[in-house]
file model03.txt (compact mmCIF, C-alpha atoms and all ligand atoms)
# COMPACT_ATOMS: atom_id res chain seq x y z
CA MET A 153 -145.26 -157.93 146.88
CA THR A 154 -148.87 -157.19 146.18
CA MET A 155 -150.91 -155.04 148.57
CA LEU A 156 -154.18 -155.66 150.40
CA ARG A 157 -157.15 -155.58 148.04
CA ARG A 158 -159.86 -153.68 149.88
CA SER A 159 -163.36 -155.12 150.11
CA TRP A 160 -166.75 -153.67 151.09
CA VAL A 161 -166.88 -156.48 153.68
CA PRO A 162 -165.29 -154.59 156.61
CA SER A 163 -163.73 -157.58 158.39
CA ALA A 164 -161.84 -158.51 155.18
CA ASN A 165 -159.69 -155.36 155.48
CA ARG A 166 -158.27 -156.09 158.93
CA ALA A 167 -154.53 -156.77 158.86
CA ASP A 168 -154.96 -159.94 160.96
CA THR A 169 -157.76 -161.61 159.00
CA PRO A 170 -156.67 -164.82 157.30
CA PHE A 171 -159.28 -164.19 154.60
CA PRO A 172 -158.82 -160.83 152.86
CA LEU A 173 -160.08 -160.30 149.30
CA ASN A 174 -156.66 -161.46 148.07
CA ASN A 175 -157.38 -164.95 149.41
CA LEU A 176 -160.91 -166.17 148.54
CA PRO A 177 -160.37 -169.76 149.73
CA CYS A 178 -162.83 -172.49 148.75
CA GLY A 179 -164.91 -174.32 151.34
CA VAL A 180 -168.12 -176.28 151.84
CA PHE A 181 -170.45 -175.14 154.60
CA SER A 182 -173.94 -175.58 155.97
CA THR A 183 -176.11 -173.58 158.33
CA ALA A 184 -178.91 -174.85 160.58
CA GLY A 185 -181.46 -176.69 158.46
CA SER A 186 -179.61 -176.19 155.15
CA GLU A 187 -177.69 -178.51 152.86
CA PRO A 188 -173.89 -178.26 152.52
CA ARG A 189 -172.84 -176.11 149.54
CA CYS A 190 -169.84 -174.20 148.19
CA GLY A 191 -168.69 -170.86 149.56
CA VAL A 192 -165.64 -168.65 149.78
CA ALA A 193 -164.35 -167.05 152.97
CA ILE A 194 -164.21 -163.24 153.05
CA GLY A 195 -163.18 -161.71 156.39
CA ASP A 196 -165.27 -163.37 159.08
CA MET A 197 -168.05 -164.18 156.60
CA ILE A 198 -168.73 -166.80 153.92
CA LEU A 199 -170.14 -165.80 150.54
CA ASP A 200 -172.78 -168.42 149.70
CA LEU A 201 -171.88 -169.20 146.10
CA ALA A 202 -174.85 -171.49 145.53
CA ALA A 203 -177.15 -168.55 146.36
CA VAL A 204 -175.08 -166.06 144.38
CA GLU A 205 -175.19 -168.35 141.35
CA GLU A 206 -178.94 -168.94 141.80
CA ALA A 207 -179.47 -165.18 141.84
CA GLY A 208 -177.57 -164.88 138.56
CA HIS A 209 -174.52 -162.95 139.78
CA ILE A 210 -172.12 -165.69 138.64
CA ASP A 211 -172.62 -167.44 135.33
CA LEU A 212 -169.44 -169.21 134.27
CA THR A 213 -170.67 -172.45 132.70
CA ASP A 214 -173.90 -173.97 131.36
CA ASP A 215 -174.20 -176.13 134.47
CA ARG A 216 -174.54 -174.99 138.05
CA LEU A 217 -171.27 -175.45 139.93
CA PHE A 218 -171.85 -174.49 143.55
CA ASP A 219 -175.04 -176.19 144.83
CA VAL A 220 -173.12 -179.38 145.61
CA PRO A 221 -171.05 -180.24 148.72
CA PHE A 222 -167.68 -180.34 146.95
CA TRP A 223 -165.44 -178.24 144.68
CA ASN A 224 -164.65 -181.10 142.28
CA GLU A 225 -167.03 -179.76 139.60
CA VAL A 226 -165.30 -176.39 139.61
CA MET A 227 -161.94 -178.15 139.35
CA GLU A 228 -163.22 -180.28 136.45
CA ALA A 229 -164.30 -177.12 134.63
CA GLY A 230 -160.59 -176.37 134.23
CA PRO A 231 -158.06 -173.61 134.89
CA PRO A 232 -159.73 -170.98 132.65
CA VAL A 233 -162.89 -171.27 134.79
CA TRP A 234 -160.79 -171.12 138.01
CA GLY A 235 -159.33 -167.82 136.78
CA ALA A 236 -162.69 -166.44 135.61
CA LEU A 237 -164.27 -167.26 138.99
CA ARG A 238 -161.49 -165.49 140.88
CA ASP A 239 -161.80 -162.43 138.64
CA ARG A 240 -165.59 -162.36 139.04
CA LEU A 241 -165.49 -162.73 142.84
CA THR A 242 -162.78 -160.07 143.12
CA ALA A 243 -164.97 -157.67 141.11
CA LEU A 244 -168.12 -158.47 143.13
CA LEU A 245 -166.44 -158.07 146.54
CA SER A 246 -164.12 -155.11 145.87
CA GLU A 247 -164.60 -151.84 147.73
CA GLY A 248 -166.90 -149.62 145.67
CA ALA A 249 -168.30 -152.52 143.59
CA ALA A 250 -171.67 -151.73 142.05
CA GLY A 251 -174.50 -153.88 143.41
CA ALA A 252 -172.83 -154.81 146.69
CA GLU A 253 -176.22 -154.52 148.42
CA LEU A 254 -177.49 -157.39 146.25
CA LEU A 255 -174.85 -159.69 147.72
CA HIS A 256 -175.41 -158.75 151.37
CA PRO A 257 -178.16 -161.36 151.85
CA HIS A 258 -175.77 -164.08 150.68
CA LEU A 259 -173.11 -163.44 153.33
CA VAL A 260 -173.18 -165.95 156.20
CA PRO A 261 -171.20 -165.40 159.42
CA GLN A 262 -168.55 -168.09 159.76
CA SER A 263 -169.61 -168.44 163.39
CA ASP A 264 -173.03 -169.69 162.19
CA ALA A 265 -171.60 -172.22 159.74
CA THR A 266 -170.54 -175.85 160.03
CA MET A 267 -167.62 -176.66 157.76
CA HIS A 268 -167.40 -179.90 155.76
CA LEU A 269 -164.69 -181.55 153.65
CA PRO A 270 -164.15 -179.05 150.81
CA PHE A 271 -163.77 -181.67 148.08
CA LEU A 272 -164.32 -185.34 147.36
CA VAL A 273 -160.92 -186.87 148.04
CA SER A 274 -160.51 -189.34 145.18
CA GLU A 275 -157.09 -190.65 146.24
CA PHE A 276 -154.48 -189.79 148.86
CA THR A 277 -150.73 -190.13 148.49
CA ASP A 278 -148.36 -189.05 151.23
CA PHE A 279 -144.77 -188.10 150.54
CA TYR A 280 -141.61 -187.90 152.63
CA ALA A 281 -140.11 -184.87 150.91
CA GLY A 282 -138.76 -182.81 153.83
CA LYS A 283 -135.04 -183.36 154.18
CA HIS A 284 -134.77 -182.17 157.80
CA HIS A 285 -137.58 -184.56 158.79
CA ALA A 286 -136.18 -187.49 156.81
CA THR A 287 -132.72 -186.88 158.28
CA ASN A 288 -134.02 -186.67 161.86
CA VAL A 289 -136.10 -189.83 161.52
CA GLY A 290 -133.26 -191.63 159.72
CA LYS A 291 -130.81 -190.77 162.51
CA MET A 292 -133.17 -192.23 165.10
CA PHE A 293 -133.94 -195.42 163.15
CA ARG A 294 -130.74 -196.13 161.21
CA GLY A 295 -127.97 -193.94 162.67
CA ALA A 296 -126.37 -190.72 161.38
CA GLU A 297 -124.34 -192.45 158.62
CA ASN A 298 -127.42 -193.97 156.98
CA ALA A 299 -129.93 -191.23 157.84
CA LEU A 300 -131.06 -190.59 154.25
CA PRO A 301 -131.84 -193.71 152.18
CA PRO A 302 -129.79 -193.91 148.95
CA ASN A 303 -132.80 -192.99 146.77
CA TRP A 304 -133.84 -189.94 148.79
CA LEU A 305 -131.89 -187.21 146.96
CA HIS A 306 -133.06 -188.57 143.58
CA MET A 307 -136.83 -188.74 143.94
CA PRO A 308 -139.69 -187.75 146.26
CA ILE A 309 -140.42 -190.92 148.27
CA GLY A 310 -144.10 -191.64 148.89
CA TYR A 311 -146.71 -194.26 149.66
CA ASN A 312 -150.35 -194.64 148.65
CA GLY A 313 -152.54 -193.71 151.63
CA ARG A 314 -156.26 -193.92 152.29
CA ALA A 315 -158.75 -191.38 150.94
CA SER A 316 -161.54 -192.97 153.00
CA THR A 317 -160.23 -191.60 156.29
CA VAL A 318 -159.40 -188.04 155.22
CA VAL A 319 -161.55 -185.86 157.50
CA VAL A 320 -162.20 -182.16 157.90
CA SER A 321 -160.72 -180.13 160.74
CA GLY A 322 -162.71 -180.51 163.95
CA THR A 323 -163.36 -184.23 163.49
CA ASP A 324 -162.35 -186.25 166.57
CA ILE A 325 -159.58 -188.80 166.04
CA ILE A 326 -160.01 -192.23 167.63
CA ARG A 327 -156.73 -193.69 168.83
CA PRO A 328 -155.88 -196.63 166.57
CA ASN A 329 -155.40 -200.21 167.66
CA GLY A 330 -152.73 -202.29 166.02
CA GLN A 331 -149.82 -204.68 166.27
CA THR A 332 -146.68 -203.62 168.02
CA ARG A 333 -143.64 -205.54 169.16
CA THR A 334 -140.99 -204.43 171.58
CA PRO A 335 -137.41 -205.26 170.47
CA ASP A 336 -136.85 -207.95 173.10
CA ALA A 337 -140.26 -209.63 172.80
CA GLU A 338 -140.79 -212.80 170.81
CA MET A 339 -144.47 -212.15 170.01
CA PRO A 340 -146.23 -208.94 169.00
CA THR A 341 -149.26 -207.70 170.91
CA PHE A 342 -152.49 -206.05 169.66
CA GLY A 343 -153.96 -202.98 171.34
CA PRO A 344 -154.08 -199.18 171.45
CA SER A 345 -151.10 -197.32 170.01
CA ALA A 346 -148.93 -195.89 172.80
CA ARG A 347 -146.94 -193.60 170.49
CA LEU A 348 -149.60 -191.56 168.69
CA ASP A 349 -148.12 -188.62 166.79
CA PHE A 350 -149.04 -185.83 164.36
CA GLU A 351 -147.29 -184.73 161.18
CA LEU A 352 -147.34 -181.09 160.04
CA GLU A 353 -147.88 -181.12 156.28
CA LEU A 354 -149.36 -179.17 153.41
CA GLY A 355 -151.64 -181.03 150.99
CA ALA A 356 -151.80 -180.22 147.28
CA VAL A 357 -155.22 -180.68 145.65
CA VAL A 358 -155.01 -181.94 142.07
CA GLY A 359 -157.60 -180.21 139.87
CA VAL A 360 -156.69 -181.57 136.43
CA ALA A 361 -156.38 -185.27 135.57
CA ASN A 362 -153.82 -186.94 133.33
CA ALA A 363 -154.71 -190.00 131.27
CA MET A 364 -153.26 -193.34 132.32
CA GLY A 365 -149.96 -193.89 130.52
CA THR A 366 -149.38 -190.16 130.03
CA PRO A 367 -146.57 -188.58 132.08
CA VAL A 368 -146.53 -184.83 132.73
CA THR A 369 -143.71 -182.32 133.07
CA VAL A 370 -143.07 -180.47 136.32
CA GLN A 371 -144.55 -177.32 134.74
CA GLU A 372 -147.65 -179.23 133.60
CA ALA A 373 -147.92 -180.69 137.10
CA ASP A 374 -147.83 -177.22 138.64
CA ASP A 375 -150.58 -176.14 136.25
CA MET A 376 -152.69 -179.17 137.35
CA ILE A 377 -152.72 -178.12 141.03
CA PHE A 378 -155.90 -176.31 142.11
CA GLY A 379 -154.79 -175.31 145.60
CA TYR A 380 -153.42 -176.29 148.98
CA VAL A 381 -154.76 -177.31 152.41
CA LEU A 382 -153.14 -177.80 155.79
CA LEU A 383 -152.80 -181.51 156.48
CA ASN A 384 -152.17 -183.51 159.65
CA ASP A 385 -151.02 -187.03 158.84
CA TRP A 386 -151.79 -188.65 162.22
CA SER A 387 -149.27 -191.46 162.76
CA ALA A 388 -148.94 -194.37 165.18
CA ARG A 389 -145.17 -194.68 165.57
CA ASP A 390 -145.17 -197.99 167.42
CA LEU A 391 -147.35 -199.62 164.74
CA GLN A 392 -145.20 -198.02 162.04
CA ALA A 393 -141.90 -199.30 163.46
CA TRP A 394 -143.14 -202.92 163.44
CA GLU A 395 -145.00 -202.93 160.10
CA TYR A 396 -143.04 -200.64 157.79
CA GLN A 397 -140.52 -203.03 156.29
CA PRO A 398 -140.45 -203.82 153.42
CA LEU A 399 -143.46 -202.02 151.90
CA GLY A 400 -143.70 -198.83 153.98
CA PRO A 401 -146.39 -197.47 156.31
CA PHE A 402 -149.80 -199.17 156.31
CA GLN A 403 -152.13 -199.21 159.34
CA ALA A 404 -149.92 -196.69 161.18
CA LYS A 405 -151.23 -194.00 158.82
CA ALA A 406 -154.52 -195.45 157.53
CA PHE A 407 -156.78 -194.52 160.45
CA ALA A 408 -157.03 -190.72 159.99
CA THR A 409 -155.75 -187.70 158.09
CA SER A 410 -157.13 -184.24 158.91
CA ILE A 411 -157.27 -181.30 156.48
CA SER A 412 -158.22 -177.64 156.89
CA PRO A 413 -161.74 -176.70 155.72
CA TRP A 414 -160.46 -174.14 153.21
CA ILE A 415 -158.57 -174.81 149.97
CA VAL A 416 -156.25 -171.85 149.40
CA THR A 417 -155.95 -171.52 145.64
CA LYS A 418 -152.66 -171.46 143.81
CA ALA A 419 -153.67 -168.05 142.45
CA ALA A 420 -153.89 -166.60 145.98
CA LEU A 421 -150.43 -167.97 146.83
CA GLU A 422 -148.81 -166.72 143.61
CA PRO A 423 -147.04 -163.69 145.24
CA PHE A 424 -145.38 -166.03 147.74
CA ARG A 425 -143.63 -168.43 145.37
CA THR A 426 -140.13 -169.46 146.36
CA GLY A 427 -137.65 -172.01 145.05
CA THR A 428 -136.56 -175.30 146.51
CA PRO A 429 -133.16 -175.27 148.26
CA ALA A 430 -129.90 -176.03 146.40
CA ARG A 431 -129.78 -179.58 145.04
CA GLU A 432 -127.22 -181.77 146.73
CA LYS A 433 -127.26 -184.07 143.72
CA ASP A 434 -128.47 -183.09 140.28
CA LEU A 435 -132.01 -184.26 139.66
CA LEU A 436 -132.85 -186.34 136.62
CA PRO A 437 -134.24 -184.05 133.92
CA TYR A 438 -137.89 -185.10 134.37
CA LEU A 439 -137.83 -183.78 137.97
CA ARG A 440 -136.13 -180.41 137.39
CA GLU A 441 -138.19 -177.33 138.21
CA PRO A 442 -138.53 -174.67 135.51
CA GLY A 443 -139.24 -172.01 138.18
CA PRO A 444 -140.00 -171.52 141.87
CA MET A 445 -142.73 -173.93 143.00
CA LEU A 446 -142.60 -173.83 146.79
CA TYR A 447 -144.30 -171.07 148.82
CA ASP A 448 -143.28 -168.91 151.76
CA ILE A 449 -145.93 -170.03 154.28
CA ASP A 450 -145.38 -169.69 158.04
CA LEU A 451 -146.63 -172.74 159.90
CA THR A 452 -147.43 -173.17 163.59
CA VAL A 453 -148.36 -176.22 165.68
CA ARG A 454 -150.20 -175.77 168.98
CA MET A 455 -151.16 -178.46 171.46
CA ALA A 456 -153.47 -178.52 174.49
CA PRO A 457 -154.29 -181.24 177.00
CA ARG A 458 -157.98 -181.73 177.84
CA ALA A 459 -159.29 -178.40 179.18
CA GLY A 460 -155.73 -177.09 179.37
CA PRO A 461 -154.10 -174.08 177.68
CA PHE A 462 -152.58 -174.27 174.20
CA THR A 463 -148.78 -174.35 173.92
CA THR A 464 -146.98 -173.50 170.69
CA ILE A 465 -144.76 -176.53 170.17
CA ALA A 466 -143.35 -175.90 166.66
CA GLN A 467 -142.97 -173.09 164.13
CA THR A 468 -141.51 -173.55 160.67
CA ASN A 469 -142.13 -172.67 157.01
CA TYR A 470 -143.25 -174.60 153.92
CA ASN A 471 -140.14 -173.24 152.14
CA ARG A 472 -138.12 -175.87 154.08
CA MET A 473 -139.27 -178.64 151.72
CA TYR A 474 -136.73 -180.28 149.40
CA TYR A 475 -139.30 -181.26 146.73
CA SER A 476 -142.32 -179.20 145.64
CA SER A 477 -145.81 -180.62 145.16
CA ALA A 478 -145.35 -180.12 141.41
CA GLN A 479 -142.27 -182.36 141.50
CA GLN A 480 -144.20 -184.93 143.54
CA LEU A 481 -147.08 -184.88 141.06
CA ALA A 482 -144.73 -185.16 138.06
CA HIS A 483 -142.95 -188.07 139.72
CA HIS A 484 -146.27 -189.76 140.55
CA ALA A 485 -147.45 -189.53 136.93
CA SER A 486 -144.03 -190.42 135.48
CA SER A 487 -144.70 -194.16 135.44
CA GLY A 488 -147.99 -193.66 133.66
CA CYS A 489 -150.03 -193.53 136.86
CA ALA A 490 -153.34 -191.71 136.28
CA MET A 491 -153.84 -188.79 138.65
CA THR A 492 -157.44 -187.73 139.16
CA VAL A 493 -159.43 -184.61 140.03
CA GLY A 494 -159.58 -184.61 143.82
CA ASP A 495 -156.26 -186.38 144.30
CA LEU A 496 -154.62 -185.21 147.53
CA LEU A 497 -150.81 -185.18 147.79
CA GLY A 498 -149.34 -184.80 151.28
CA SER A 499 -146.05 -182.90 151.25
CA GLY A 500 -144.41 -185.02 153.92
CA THR A 501 -143.63 -183.71 157.38
CA ILE A 502 -142.35 -180.14 157.29
CA SER A 503 -139.40 -179.59 159.63
CA GLY A 504 -136.61 -177.03 159.60
CA PRO A 505 -133.00 -177.13 160.81
CA ASP A 506 -133.76 -175.59 164.22
CA PRO A 507 -135.08 -177.93 166.98
CA LEU A 508 -138.16 -175.68 167.39
CA GLU A 509 -138.99 -176.23 163.72
CA ARG A 510 -139.73 -179.94 164.01
CA GLY A 511 -143.12 -180.95 162.61
CA SER A 512 -143.75 -184.15 164.61
CA LEU A 513 -143.54 -185.26 168.24
CA LEU A 514 -141.21 -188.07 167.13
CA GLU A 515 -138.66 -185.36 166.31
CA LEU A 516 -139.63 -182.80 168.99
CA THR A 517 -139.16 -185.37 171.80
CA TRP A 518 -136.46 -187.32 169.91
CA GLY A 519 -138.30 -190.61 169.94
CA GLY A 520 -139.86 -189.89 173.33
CA GLN A 521 -136.51 -189.47 175.09
CA ARG A 522 -137.02 -185.75 175.81
CA PRO A 523 -140.67 -185.10 176.78
CA LEU A 524 -142.15 -181.69 175.98
CA ARG A 525 -143.21 -179.51 178.89
CA LEU A 526 -146.58 -177.89 178.11
CA ASP A 527 -147.81 -174.58 179.52
CA GLY A 528 -149.87 -175.69 182.51
CA GLY A 529 -147.24 -178.18 183.61
CA GLU A 530 -148.05 -181.45 181.86
CA ALA A 531 -145.33 -183.36 179.97
CA ARG A 532 -145.83 -185.25 176.71
CA SER A 533 -143.73 -187.69 174.73
CA PHE A 534 -146.64 -188.61 172.44
CA LEU A 535 -150.34 -187.66 172.28
CA ALA A 536 -152.60 -188.57 175.24
CA ASP A 537 -156.36 -189.11 175.07
CA GLY A 538 -158.08 -185.72 175.26
CA ASP A 539 -155.18 -183.84 173.67
CA THR A 540 -156.03 -181.34 170.92
CA LEU A 541 -153.57 -180.60 168.14
CA THR A 542 -153.98 -177.53 165.90
CA LEU A 543 -152.08 -176.56 162.75
CA GLU A 544 -152.13 -173.01 161.40
CA GLY A 545 -150.59 -171.48 158.29
CA SER A 546 -150.24 -168.00 156.79
CA ALA A 547 -148.36 -166.43 153.91
CA ILE A 548 -147.48 -162.93 155.10
CA GLY A 549 -147.88 -160.09 152.57
CA ASP A 550 -147.58 -156.31 152.82
CA GLY A 551 -150.40 -155.40 155.23
CA TYR A 552 -152.31 -158.63 154.68
CA ARG A 553 -151.99 -162.37 155.05
CA ILE A 554 -153.22 -165.41 153.15
CA GLY A 555 -154.41 -167.81 155.85
CA PHE A 556 -155.56 -171.41 155.76
CA GLY A 557 -157.75 -171.30 158.87
CA THR A 558 -156.98 -174.05 161.34
CA CYS A 559 -156.60 -177.79 161.03
CA THR A 560 -157.50 -179.24 164.42
CA GLY A 561 -158.39 -182.57 165.98
CA THR A 562 -158.86 -184.06 169.44
CA VAL A 563 -157.70 -187.57 170.37
CA LEU A 564 -160.36 -189.92 171.76
CA PRO A 565 -159.66 -193.24 173.51
CA ALA A 566 -159.22 -196.39 171.40
CA LYS A 567 -162.19 -198.67 170.83
CA PRO A 568 -162.09 -201.80 172.99
CA VAL A 569 -160.29 -204.68 171.27
CA ARG A 570 -162.78 -207.40 170.24
CA ARG A 571 -161.84 -211.06 170.06
CA LEU A 572 -163.49 -214.24 168.86
MN MN B 1 -146.76 -188.00 156.43
call {"tool": "encode", "arguments": {"input": "model03.txt", "output": "structure tokens"}}
result
Amino acid sequence: MTMLRRSWVPSANRADTPFPLNNLPCGVFSTAGSEPRCGVAIGDMILDLAAVEEAGHIDLTDDRLFDVPFWNEVMEAGPPVWGALRDRLTALLSEGAAGAELLHPHLVPQSDATMHLPFLVSEFTDFYAGKHHATNVGKMFRGAENALPPNWLHMPIGYNGRASTVVVSGTDIIRPNGQTRTPDAEMPTFGPSARLDFELELGAVVGVANAMGTPVTVQEADDMIFGYVLLNDWSARDLQAWEYQPLGPFQAKAFATSISPWIVTKAALEPFRTGTPAREKDLLPYLREPGPMLYDIDLTVRMAPRAGPFTTIAQTNYNRMYYSSAQQLAHHASSGCAMTVGDLLGSGTISGPDPLERGSLLELTWGGQRPLRLDGGEARSFLADGDTLTLEGSAIGDGYRIGFGTCTGTVLPAKPVRRL
């Protein structure tokens, strides 16, 4: 396990900071009266990379990379540039680095910054690759004997979601309207979802494209991933139950997906690689992993009613997944599907075997049958208007941690239903 890399930025050396020099996550920020631009988090500060590049301290390509409100141009520059940037930033920010005083003016307190989406989300695909989650949901919907569909152990199941409604942490989430039908009713009704849920996920950010018609191996897929974000795949369970057959989720997932403001790079997570669990059935050769491609990342979900205290409602680890993002990406490209720079792949809900490790309210309350008791006394089966839901994630090293920041959102009431 690697040790803390010490920085001349004092707050980056604290054991509890999510953003030590080992991390250097990629975000887009603005300050009062300024345009959004690229920066990296270091301790409780942001290094303004547009300014650092302008001042000539970073010179990786012929074109400027950081004076735009997205990291897609860095991704398009390719993995050698990703590595060179990390090396350069590590040298500039290390304790004892020559010229540190020249960078001081380009440090912005995070408390003064507004965070924006860190990249242009070109496409969004959400998977269903957590076995504990799929088993729990399957038991509720189809019974214990048929919990896992017959294809589940052979491929990562997914659906194509909406990039247009991927939003950065802190964006309010408007409760969706949609069709629902109770089992004994003849006609469906249209109105606000009554079973609004969250899904604890990690999102992989694709940084290298493949040409249409050109599959990739699992190793090539891993090499194509730029980094990871926390992801909340907000879900309307009542809409989902009525609409999902035969083509899968549609409006139940299309209204909002939240991601953390920082992309944690694959390089920062490298010391925390871990393998997928034992295969229950051999995978077809194109899906076999040549090495460990999951990560040991502790994950926490906290929930608060309006003006109420936060309650920790779930704690699990990304190492619970059955399929890695690299396997998902290889599967996605295997048909000849073109994957693009800025493609976002949701892991699927991350749940573990213990009841406290369940990454959705659907599982935590077992379909609403066992409401959660929150600190402060309120009970919840699903999300109420005014509720705030916050995801957190950290890979824990020796005296340091690689954090993702938070991925948070507050539920607002549905818009009134309009009719002709
Ligand atoms: Mn999902």
call {"tool": "atom_distance", "arguments": {"input": "model03.txt", "atom1": "CA of Pro413 in chain A", "atom2": "CA of Lys567 in chain A"}}
result
26.7 Å
call {"tool": "residues_near_point", "arguments": {"input": "model03.txt", "point": "(-180.4, -167.3, 143.5)", "cutoff": "12 Å", "atoms": "all atoms listed in the file", "output": "PDB file with C-alpha atoms, in the coordinates of the input"}}
result
ATOM      1  CA  ASP A 200    -172.780-168.420 149.700  1.00  0.00           C
ATOM      2  CA  LEU A 201    -171.880-169.200 146.100  1.00  0.00           C
ATOM      3  CA  ALA A 202    -174.850-171.490 145.530  1.00  0.00           C
ATOM      4  CA  ALA A 203    -177.150-168.550 146.360  1.00  0.00           C
ATOM      5  CA  VAL A 204    -175.080-166.060 144.380  1.00  0.00           C
ATOM      6  CA  GLU A 205    -175.190-168.350 141.350  1.00  0.00           C
ATOM      7  CA  GLU A 206    -178.940-168.940 141.800  1.00  0.00           C
ATOM      8  CA  ALA A 207    -179.470-165.180 141.840  1.00  0.00           C
ATOM      9  CA  GLY A 208    -177.570-164.880 138.560  1.00  0.00           C
ATOM     10  CA  HIS A 209    -174.520-162.950 139.780  1.00  0.00           C
ATOM     11  CA  ILE A 210    -172.120-165.690 138.640  1.00  0.00           C
ATOM     12  CA  ASP A 211    -172.620-167.440 135.330  1.00  0.00           C
ATOM     13  CA  ARG A 216    -174.540-174.990 138.050  1.00  0.00           C
ATOM     14  CA  PHE A 218    -171.850-174.490 143.550  1.00  0.00           C
ATOM     15  CA  ASP A 219    -175.040-176.190 144.830  1.00  0.00           C
ATOM     16  CA  LEU A 254    -177.490-157.390 146.250  1.00  0.00           C
ATOM     17  CA  LEU A 255    -174.850-159.690 147.720  1.00  0.00           C
ATOM     18  CA  PRO A 257    -178.160-161.360 151.850  1.00  0.00           C
ATOM     19  CA  HIS A 258    -175.770-164.080 150.680  1.00  0.00           C
TER      20      HIS A 258
END
call {"tool": "residues_near_ligand", "arguments": {"input": "model03.txt", "ligand": "ligand MN 1 (chain B)", "cutoff": "7 Å", "atoms": "all atoms listed in the file", "output": "list in words"}}
result
Asp278, Phe279, Tyr280, Glu351, Glu353, Asp385, Gly498, Gly500 and Thr501 of chain A
call {"tool": "closest_residue", "arguments": {"input": "model03.txt", "among": "A:Tyr447, A:Pro232, A:Gln397, A:Leu305", "to": "Arg425 in chain A", "atoms": "only C-alpha atoms"}}
result
A:Tyr447
call {"tool": "closest_atom_pairs", "arguments": {"input": "model03.txt", "of": "range 273-345 of chain A", "to": "range 468-492 of chain A", "cutoff": "10 Å", "atoms": "all atoms listed in the file", "output": "JSON lines"}}
result
{"residue": "A:Val273", "atom": "CA", "partner": "A:Thr492", "partner_atom": "CA", "distance": 9.6}
{"residue": "A:Ser274", "atom": "CA", "partner": "A:Thr492", "partner_atom": "CA", "distance": 6.9}
{"residue": "A:Glu275", "atom": "CA", "partner": "A:Thr492", "partner_atom": "CA", "distance": 7.7}
{"residue": "A:Thr277", "atom": "CA", "partner": "A:His484", "partner_atom": "CA", "distance": 9.1}
{"residue": "A:Asp278", "atom": "CA", "partner": "A:Gln480", "partner_atom": "CA", "distance": 9.7}
{"residue": "A:Phe279", "atom": "CA", "partner": "A:Gln480", "partner_atom": "CA", "distance": 7.7}
{"residue": "A:Tyr280", "atom": "CA", "partner": "A:Tyr475", "partner_atom": "CA", "distance": 9.2}
{"residue": "A:Ala281", "atom": "CA", "partner": "A:Tyr475", "partner_atom": "CA", "distance": 5.6}
{"residue": "A:Gly282", "atom": "CA", "partner": "A:Met473", "partner_atom": "CA", "distance": 4.7}
{"residue": "A:Lys283", "atom": "CA", "partner": "A:Tyr474", "partner_atom": "CA", "distance": 5.9}
{"residue": "A:His284", "atom": "CA", "partner": "A:Arg472", "partner_atom": "CA", "distance": 8.0}
{"residue": "A:His285", "atom": "CA", "partner": "A:Met473", "partner_atom": "CA", "distance": 9.4}
{"residue": "A:Leu305", "atom": "CA", "partner": "A:Tyr474", "partner_atom": "CA", "distance": 8.8}
{"residue": "A:Met307", "atom": "CA", "partner": "A:His483", "partner_atom": "CA", "distance": 7.5}
{"residue": "A:Pro308", "atom": "CA", "partner": "A:Gln480", "partner_atom": "CA", "distance": 6.0}
{"residue": "A:Ile309", "atom": "CA", "partner": "A:Gln480", "partner_atom": "CA", "distance": 8.5}
{"residue": "A:Gly310", "atom": "CA", "partner": "A:Gln480", "partner_atom": "CA", "distance": 8.6}
